[in-house]
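Working notes, structure below.
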Amino acid sequence: MIKERLPMRNGLYAVLFAAVLALPAAAQEEPIRQTIQSQIDAFLADDFARAFTFASPTIKQMFGTPENFGAMVKNGYPMVYRPSSVEMGELREVAGNLWQRVRVTDQGGAGWFLDYMMVETPEGWQINAVQLLPAPDVGA
């Protein structure tokens with residue numbers, strides 16, 4: 001009888017272990033999503049100084065000023081600068097980094113997927129990179 005329960009117990013331990021591993025990412029989900037949404041809200045208000053505060057030290061060093069950063073976003077990520085809708089997707093850990101998937105619909109109605117690489121700093125969660133992913137499939 002004990003042998004019959006052992007596989008079930010091992011399966012339970014595996015599920016619990018997987019849940020514990022997922023806790024660090026899941027616990028950060030809301031603060032990370034709030035950081036991204038706050039930066040998008042700042043773009044919508046043309047408040048590049050505020051949007052720049054959500055960028056990591058690496059990004060701040062790369063662009064130097066909120067104005068340079070704002071120009072890059074306007075020219076390189078217009079769907080983020082002026083989205084008509086934003087949907088937060090899955091938060092994943094990849095090679096020790098947290099990546100938040102975001103689906104943005106631009107003003108023309110086109111959908112875009114972006115991955116935001118997040119880093120935790122003394123100021124809280126900040127955006128360390130954004131990757132534009134291949135366009136989502138269009139379904140009927």
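Following the order of the structure tokens, first chain is A, next is B, and so on, with residues numbered from 1 inside each chain and ligands from 1 in the order they appear.
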*Compile the contact shell of Ile32 of chain A as a PyMOL selection string: residues with an atom at most 8 Å away, counting only C-alpha atoms, same-chain residues fewer than 6 positions apart removed.*
chain A and resi 100+118+125-126
*Neighbours of Asn97 of chain A within 12 Å (only C-alpha atoms; same-chain residues fewer than 6 positions away dropped), as a list in words?*
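Counting only C-alpha atoms, the residues come to Pro24, Ala25, Leu91, Asp115, Tyr116, Met117, Met118, Val119, Glu120, Ile127, Asn128 and Ala129 of chain A.
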If you keep all heavy atoms, can you produce a file of those selected residues as an mmCIF file, in the first residue's frame?
```
data_model
loop_
_atom_site.group_PDB
_atom_site.id
_atom_site.type_symbol
_atom_site.label_atom_id
_atom_site.label_comp_id
_atom_site.auth_asym_id
_atom_site.auth_seq_id
_atom_site.Cartn_x
_atom_site.Cartn_y
_atom_site.Cartn_z
ATOM 1 N N PRO A 24 8.666 33.657 -7.091
ATOM 2 C CA PRO A 24 9.364 34.925 -7.240
ATOM 3 C C PRO A 24 8.841 35.761 -8.411
ATOM 4 O O PRO A 24 8.608 36.955 -8.272
ATOM 5 C CB PRO A 24 10.825 34.511 -7.453
ATOM 6 C CG PRO A 24 10.929 33.186 -6.778
ATOM 7 C CD PRO A 24 9.577 32.532 -7.003
ATOM 8 N N ALA A 25 8.612 35.159 -9.560
ATOM 9 C CA ALA A 25 8.093 35.898 -10.700
ATOM 10 C C ALA A 25 6.660 36.355 -10.445
ATOM 11 O O ALA A 25 6.316 37.507 -10.689
ATOM 12 C CB ALA A 25 8.163 35.049 -11.968
ATOM 13 N N LEU A 91 4.304 36.911 -17.594
ATOM 14 C CA LEU A 91 5.605 37.259 -17.025
ATOM 15 C C LEU A 91 6.402 35.967 -16.951
ATOM 16 O O LEU A 91 5.935 34.977 -16.395
ATOM 17 C CB LEU A 91 5.447 37.866 -15.626
ATOM 18 C CG LEU A 91 6.751 38.205 -14.903
ATOM 19 C CD1 LEU A 91 7.526 39.301 -15.642
ATOM 20 C CD2 LEU A 91 6.457 38.641 -13.469
ATOM 21 N N ASP A 115 8.304 42.385 -25.693
ATOM 22 C CA ASP A 115 8.813 41.804 -24.457
ATOM 23 C C ASP A 115 9.615 42.874 -23.728
ATOM 24 O O ASP A 115 10.526 43.471 -24.317
ATOM 25 C CB ASP A 115 9.714 40.591 -24.738
ATOM 26 C CG ASP A 115 8.981 39.277 -24.691
ATOM 27 O OD1 ASP A 115 7.832 39.253 -24.217
ATOM 28 O OD2 ASP A 115 9.560 38.264 -25.110
ATOM 29 N N TYR A 116 9.262 43.109 -22.483
ATOM 30 C CA TYR A 116 9.956 44.072 -21.628
ATOM 31 C C TYR A 116 10.843 43.306 -20.659
ATOM 32 O O TYR A 116 10.345 42.505 -19.873
ATOM 33 C CB TYR A 116 8.949 44.898 -20.827
ATOM 34 C CG TYR A 116 8.267 45.995 -21.595
ATOM 35 C CD1 TYR A 116 7.295 45.714 -22.538
ATOM 36 C CD2 TYR A 116 8.590 47.327 -21.355
ATOM 37 C CE1 TYR A 116 6.656 46.728 -23.237
ATOM 38 C CE2 TYR A 116 7.960 48.353 -22.042
ATOM 39 C CZ TYR A 116 6.997 48.047 -22.984
ATOM 40 O OH TYR A 116 6.369 49.055 -23.676
ATOM 41 N N MET A 117 12.152 43.566 -20.732
ATOM 42 C CA MET A 117 13.075 42.984 -19.758
ATOM 43 C C MET A 117 13.113 43.905 -18.548
ATOM 44 O O MET A 117 13.382 45.100 -18.677
ATOM 45 C CB MET A 117 14.477 42.843 -20.335
ATOM 46 C CG MET A 117 15.464 42.240 -19.368
ATOM 47 S SD MET A 117 17.100 42.268 -20.128
ATOM 48 C CE MET A 117 18.030 41.541 -18.815
ATOM 49 N N MET A 118 12.844 43.338 -17.374
ATOM 50 C CA MET A 118 12.737 44.135 -16.158
ATOM 51 C C MET A 118 13.909 43.838 -15.217
ATOM 52 O O MET A 118 14.372 42.701 -15.139
ATOM 53 C CB MET A 118 11.421 43.813 -15.461
ATOM 54 C CG MET A 118 10.193 44.002 -16.342
ATOM 55 S SD MET A 118 9.976 45.670 -16.999
ATOM 56 C CE MET A 118 9.649 46.571 -15.483
ATOM 57 N N VAL A 119 14.363 44.889 -14.525
ATOM 58 C CA VAL A 119 15.400 44.734 -13.506
ATOM 59 C C VAL A 119 14.925 45.430 -12.238
ATOM 60 O O VAL A 119 14.262 46.462 -12.292
ATOM 61 C CB VAL A 119 16.766 45.299 -13.954
ATOM 62 C CG1 VAL A 119 17.344 44.495 -15.106
ATOM 63 C CG2 VAL A 119 16.683 46.763 -14.300
ATOM 64 N N GLU A 120 15.277 44.829 -11.115
ATOM 65 C CA GLU A 120 14.926 45.437 -9.829
ATOM 66 C C GLU A 120 16.092 46.303 -9.380
ATOM 67 O O GLU A 120 17.236 45.849 -9.353
ATOM 68 C CB GLU A 120 14.607 44.363 -8.797
ATOM 69 C CG GLU A 120 13.950 44.939 -7.564
ATOM 70 C CD GLU A 120 13.375 43.871 -6.649
ATOM 71 O OE1 GLU A 120 13.794 42.702 -6.734
ATOM 72 O OE2 GLU A 120 12.498 44.223 -5.845
ATOM 73 N N ILE A 127 12.615 49.262 -16.499
ATOM 74 C CA ILE A 127 12.663 48.634 -17.814
ATOM 75 C C ILE A 127 14.099 48.684 -18.323
ATOM 76 O O ILE A 127 14.681 49.768 -18.426
ATOM 77 C CB ILE A 127 11.694 49.342 -18.774
ATOM 78 C CG1 ILE A 127 10.269 49.246 -18.214
ATOM 79 C CG2 ILE A 127 11.805 48.763 -20.181
ATOM 80 C CD1 ILE A 127 9.287 50.215 -18.827
ATOM 81 N N ASN A 128 14.656 47.510 -18.639
ATOM 82 C CA ASN A 128 16.048 47.423 -19.068
ATOM 83 C C ASN A 128 16.191 47.184 -20.570
ATOM 84 O O ASN A 128 17.244 47.410 -21.125
ATOM 85 C CB ASN A 128 16.755 46.302 -18.298
ATOM 86 C CG ASN A 128 18.248 46.416 -18.376
ATOM 87 O OD1 ASN A 128 18.815 47.482 -18.172
ATOM 88 N ND2 ASN A 128 18.915 45.312 -18.666
ATOM 89 N N ALA A 129 15.121 46.739 -21.205
ATOM 90 C CA ALA A 129 15.140 46.510 -22.654
ATOM 91 C C ALA A 129 13.712 46.256 -23.107
ATOM 92 O O ALA A 129 12.869 45.830 -22.321
ATOM 93 C CB ALA A 129 16.015 45.308 -23.009
#
```
*Can you list, as a list in words, every protein, DNA or RNA residue that comes within 8 Å of Ser84 of chain A when you count only C-alpha atoms, leaving out same-chain residues fewer than 3 positions away?*
Val104, Thr105, Asp106, Gln107 and Gly109 of chain A
*Looking only at the backbone, which of the residues in segment 19-100 of chain A does DSSP tag as helix (DSSP H, G or I), as a PyMOL selection string?*
chain A and resi 19-44+48-52+57-63+66-76+78-81
*Near Val80 of chain A, counting only C-alpha atoms, which residues have an atom at most 8 Å away, once you skip same-chain residues fewer than 2 positions from it, shown as a list in words?*
Ile40, Phe43, Val73, Tyr77, Pro78, Arg82, Pro83, Val104 and Asp106 of chain A
Residue selection dump (all heavy atoms) as a compact mmCIF listing (two decimals), in the first residue's frame:
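Output file out_8.txt follows:
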```txt
# COMPACT_ATOMS: atom_id res chain seq x y z
N ILE A 40 3.98 53.94 -20.08
CA ILE A 40 3.10 54.19 -21.23
C ILE A 40 2.18 55.38 -20.95
O ILE A 40 1.98 56.23 -21.82
CB ILE A 40 2.31 52.91 -21.59
CG1 ILE A 40 3.27 51.86 -22.15
CG2 ILE A 40 1.19 53.22 -22.58
CD1 ILE A 40 2.68 50.48 -22.35
N PHE A 43 4.14 58.47 -21.56
CA PHE A 43 4.25 58.74 -23.00
C PHE A 43 2.98 59.38 -23.53
O PHE A 43 3.03 60.35 -24.30
CB PHE A 43 4.54 57.46 -23.79
CG PHE A 43 5.92 56.90 -23.59
CD1 PHE A 43 6.11 55.53 -23.50
CD2 PHE A 43 7.04 57.72 -23.52
CE1 PHE A 43 7.37 54.99 -23.32
CE2 PHE A 43 8.31 57.19 -23.35
CZ PHE A 43 8.48 55.82 -23.24
N VAL A 73 11.77 56.70 -28.58
CA VAL A 73 10.49 55.99 -28.47
C VAL A 73 9.53 56.46 -29.57
O VAL A 73 8.89 55.64 -30.22
CB VAL A 73 9.87 56.17 -27.06
CG1 VAL A 73 8.46 55.61 -27.01
CG2 VAL A 73 10.75 55.50 -26.01
N TYR A 77 9.41 53.23 -31.57
CA TYR A 77 8.31 52.46 -30.97
C TYR A 77 7.02 53.29 -30.95
O TYR A 77 6.45 53.52 -29.90
CB TYR A 77 8.67 52.03 -29.55
CG TYR A 77 9.86 51.11 -29.46
CD1 TYR A 77 11.15 51.61 -29.33
CD2 TYR A 77 9.68 49.73 -29.50
CE1 TYR A 77 12.24 50.76 -29.25
CE2 TYR A 77 10.77 48.87 -29.42
CZ TYR A 77 12.05 49.40 -29.30
OH TYR A 77 13.12 48.56 -29.22
N PRO A 78 6.56 53.73 -32.13
CA PRO A 78 5.36 54.59 -32.14
C PRO A 78 4.13 53.90 -31.53
O PRO A 78 3.25 54.56 -30.99
CB PRO A 78 5.15 54.92 -33.62
CG PRO A 78 5.90 53.85 -34.36
CD PRO A 78 7.04 53.44 -33.47
N ARG A 82 2.00 55.93 -28.62
CA ARG A 82 0.59 56.27 -28.74
C ARG A 82 -0.28 55.03 -28.96
O ARG A 82 -0.91 54.86 -30.00
CB ARG A 82 0.37 57.25 -29.90
CG ARG A 82 0.84 58.65 -29.63
CD ARG A 82 -0.07 59.32 -28.60
NE ARG A 82 0.26 60.69 -28.40
CZ ARG A 82 1.03 61.15 -27.42
NH1 ARG A 82 1.58 60.32 -26.57
NH2 ARG A 82 1.27 62.44 -27.29
N PRO A 83 -0.33 54.14 -27.98
CA PRO A 83 -1.17 52.95 -28.15
C PRO A 83 -2.65 53.29 -28.00
O PRO A 83 -3.01 54.23 -27.29
CB PRO A 83 -0.71 52.04 -27.01
CG PRO A 83 -0.30 53.00 -25.94
CD PRO A 83 0.32 54.17 -26.67
N VAL A 104 0.19 45.39 -27.63
CA VAL A 104 -0.21 46.78 -27.84
C VAL A 104 -0.94 46.86 -29.17
O VAL A 104 -0.53 46.25 -30.16
CB VAL A 104 1.04 47.70 -27.86
CG1 VAL A 104 0.67 49.12 -28.21
CG2 VAL A 104 1.77 47.64 -26.54
N ASP A 106 -1.92 49.66 -31.95
CA ASP A 106 -1.59 51.04 -32.29
C ASP A 106 -2.83 51.81 -32.75
O ASP A 106 -3.94 51.25 -32.82
CB ASP A 106 -0.45 51.10 -33.31
CG ASP A 106 -0.81 50.53 -34.68
OD1 ASP A 106 -2.02 50.41 -35.02
OD2 ASP A 106 0.13 50.19 -35.43
```
